[in-house]
Amino acid sequence: MDTLVRIIRPVWFSMPGISLFLGGLLWVISLSQVVFYTTNGVVMGYWVLVTGWLGFALFQFAWYANLLGLLGVLLMQQQPNRAIALAVVGVFLAGQAFWFEDIPGRHVSMHIVQLGAGFWLWYASMVLIALGVIFGSGGGEDDSPHA
């Protein structure tokens with residue numbers, strides 16, 4: 001019966017697979033949405049993706065949560081414990097973005113007035129990816145027959 005279920009239900013059609021897919025989809029959609037409303041206009045997701053890595057100079061590390069989530073997904077089958085740790089740390093690191101008050105610029109800083117839909121989609125994607133990694137890590141370990 002287990003063999004029949006494995007044939008009918010593909011691996012990607014599992015709760016972790018759906019969570020990873022939806023997390024990736026939300027992440028991509030967030031790039032086209034407004035992330036921050038500022039005193040000088042709006043900041044789009046693609047702009048944050050391109051320039052966010054510069055935040056390390058200002059002790060703003062939330063952008064690096066993207067890399068931790070990706071590493072978690074890449075390592076989830078080979079090193080499940082490390083993948084889970086990376087994904088969870090990524091969610092906490094992404095949470096630092098809630099504390100952003102200003103976006104420094106060359107001539108003037110932009111004060112953040114409100115968080116946009118792109119921000120919420122991005123953060124939800126980080127949570128979904130972490131859940132997919134947590135519940136999908138080491139999923140193939142029980143495939144061996146027990147003696």
# chains A, B, ... in the order shown; residues from 1 in each chain; ligands from 1
$ residues_around --residues "stretch 90-104 of chain A" --least-positions-apart "4" --cutoff "6 Å" --atoms "only C-alpha atoms" --output "list in words"
Ala62, Ala65, Leu68, Gly69, Leu86, Ser109, Met110, His111, Ile112 and Met126 of chain A
$ residues_around --residues "stretch 19-34 of chain A" --least-positions-apart "4" --cutoff "8 Å" --atoms "only C-alpha atoms" --output "short mmCIF file (atom, residue, chain, number, x, y, z; two decimals) with N, CA and C atoms, in the first residue's frame"
data_model
loop_
_atom_site.label_atom_id
_atom_site.label_comp_id
_atom_site.auth_asym_id
_atom_site.auth_seq_id
_atom_site.Cartn_x
_atom_site.Cartn_y
_atom_site.Cartn_z
N MET A 15 3.06 18.46 1.96
CA MET A 15 2.94 19.74 2.65
C MET A 15 4.25 20.53 2.62
N VAL A 42 7.97 55.56 -2.97
CA VAL A 42 7.88 54.14 -2.64
C VAL A 42 9.19 53.44 -2.99
N VAL A 43 9.42 52.32 -2.32
CA VAL A 43 10.58 51.48 -2.57
C VAL A 43 10.05 50.12 -3.02
N MET A 44 10.44 49.72 -4.21
CA MET A 44 9.96 48.47 -4.79
C MET A 44 10.83 47.29 -4.35
N GLY A 45 10.26 46.10 -4.43
CA GLY A 45 10.96 44.89 -4.01
C GLY A 45 12.22 44.61 -4.81
N TYR A 46 12.18 44.82 -6.12
CA TYR A 46 13.37 44.56 -6.94
C TYR A 46 14.52 45.47 -6.54
N LEU A 49 16.04 44.03 -3.43
CA LEU A 49 16.84 42.85 -3.77
C LEU A 49 18.22 43.25 -4.30
N GLY A 116 4.78 48.04 2.93
CA GLY A 116 3.91 47.73 1.81
C GLY A 116 3.64 46.24 1.67
N ALA A 117 2.83 45.90 0.68
CA ALA A 117 2.46 44.51 0.43
C ALA A 117 3.68 43.66 0.11
N GLY A 118 4.64 44.23 -0.59
CA GLY A 118 5.85 43.49 -0.92
C GLY A 118 6.62 43.04 0.31
N PHE A 119 6.61 43.87 1.33
CA PHE A 119 7.27 43.48 2.59
C PHE A 119 6.58 42.28 3.21
N LEU A 121 4.59 40.08 1.78
CA LEU A 121 4.75 38.89 0.94
C LEU A 121 6.13 38.29 1.14
N TRP A 122 7.14 39.15 1.22
CA TRP A 122 8.51 38.67 1.43
C TRP A 122 8.64 37.95 2.77
N ALA A 124 6.27 36.63 4.62
CA ALA A 124 5.49 35.38 4.59
C ALA A 124 6.24 34.31 3.81
N SER A 125 6.95 34.70 2.76
CA SER A 125 7.73 33.71 2.00
C SER A 125 8.86 33.14 2.85
N MET A 126 9.48 33.98 3.66
CA MET A 126 10.54 33.49 4.54
C MET A 126 10.00 32.47 5.54
N VAL A 127 8.82 32.74 6.09
CA VAL A 127 8.20 31.82 7.05
C VAL A 127 7.81 30.52 6.36
N LEU A 128 7.20 30.60 5.18
CA LEU A 128 6.79 29.39 4.46
C LEU A 128 7.99 28.55 4.05
N ILE A 129 9.04 29.19 3.61
CA ILE A 129 10.25 28.44 3.24
C ILE A 129 10.84 27.76 4.46
N LEU A 131 9.22 26.78 7.14
CA LEU A 131 8.34 25.65 7.48
C LEU A 131 8.55 24.49 6.53
N GLY A 132 8.73 24.78 5.26
CA GLY A 132 9.00 23.71 4.29
C GLY A 132 10.30 22.99 4.59
N VAL A 133 11.31 23.74 4.99
CA VAL A 133 12.60 23.13 5.34
C VAL A 133 12.47 22.31 6.63
#
$ select_by_dssp --residues "stretch 11-96 of chain A" --states "strand (DSSP E or B)" --output "list of chain:residue names"
A:Val34, A:Val35, A:Phe36, A:Tyr37, A:Thr38, A:Gly41, A:Val42, A:Val43, A:Met44
$ write_last_selection --atoms "N, CA and C atoms" --output "CSV table (one decimal), in the first residue's frame"
chain,number,residue,atom,x,y,z
A,34,VAL,N,5.4,47.1,-3.8
A,34,VAL,CA,5.9,48.1,-2.9
A,34,VAL,C,6.3,47.5,-1.6
A,35,VAL,N,7.5,47.7,-1.2
A,35,VAL,CA,8.0,47.1,0.1
A,35,VAL,C,7.9,48.2,1.2
A,36,PHE,N,8.3,49.4,0.9
A,36,PHE,CA,8.2,50.5,1.9
A,36,PHE,C,7.6,51.7,1.2
A,37,TYR,N,6.8,52.4,2.0
A,37,TYR,CA,6.3,53.7,1.7
A,37,TYR,C,7.2,54.7,2.5
A,38,THR,N,7.8,55.6,1.8
A,38,THR,CA,8.7,56.5,2.5
A,38,THR,C,8.3,58.0,2.3
A,41,GLY,N,8.7,58.8,-1.5
A,41,GLY,CA,8.1,57.9,-2.5
A,41,GLY,C,8.0,56.5,-2.0
A,42,VAL,N,8.0,55.6,-3.0
A,42,VAL,CA,7.9,54.1,-2.6
A,42,VAL,C,9.2,53.4,-3.0
A,43,VAL,N,9.4,52.3,-2.3
A,43,VAL,CA,10.6,51.5,-2.6
A,43,VAL,C,10.1,50.1,-3.0
A,44,MET,N,10.4,49.7,-4.2
A,44,MET,CA,10.0,48.5,-4.8
A,44,MET,C,10.8,47.3,-4.4
$ closest_residue --among "A:Leu54, A:Leu67, A:Ile18, A:Ile134" --to "A:Gln79" --atoms "only C-alpha atoms"
A:Ile134
$ atom_distance --atom1 "atom CA of A:Gly72" --atom2 "atom CA of A:Ala87"
5.3 Å
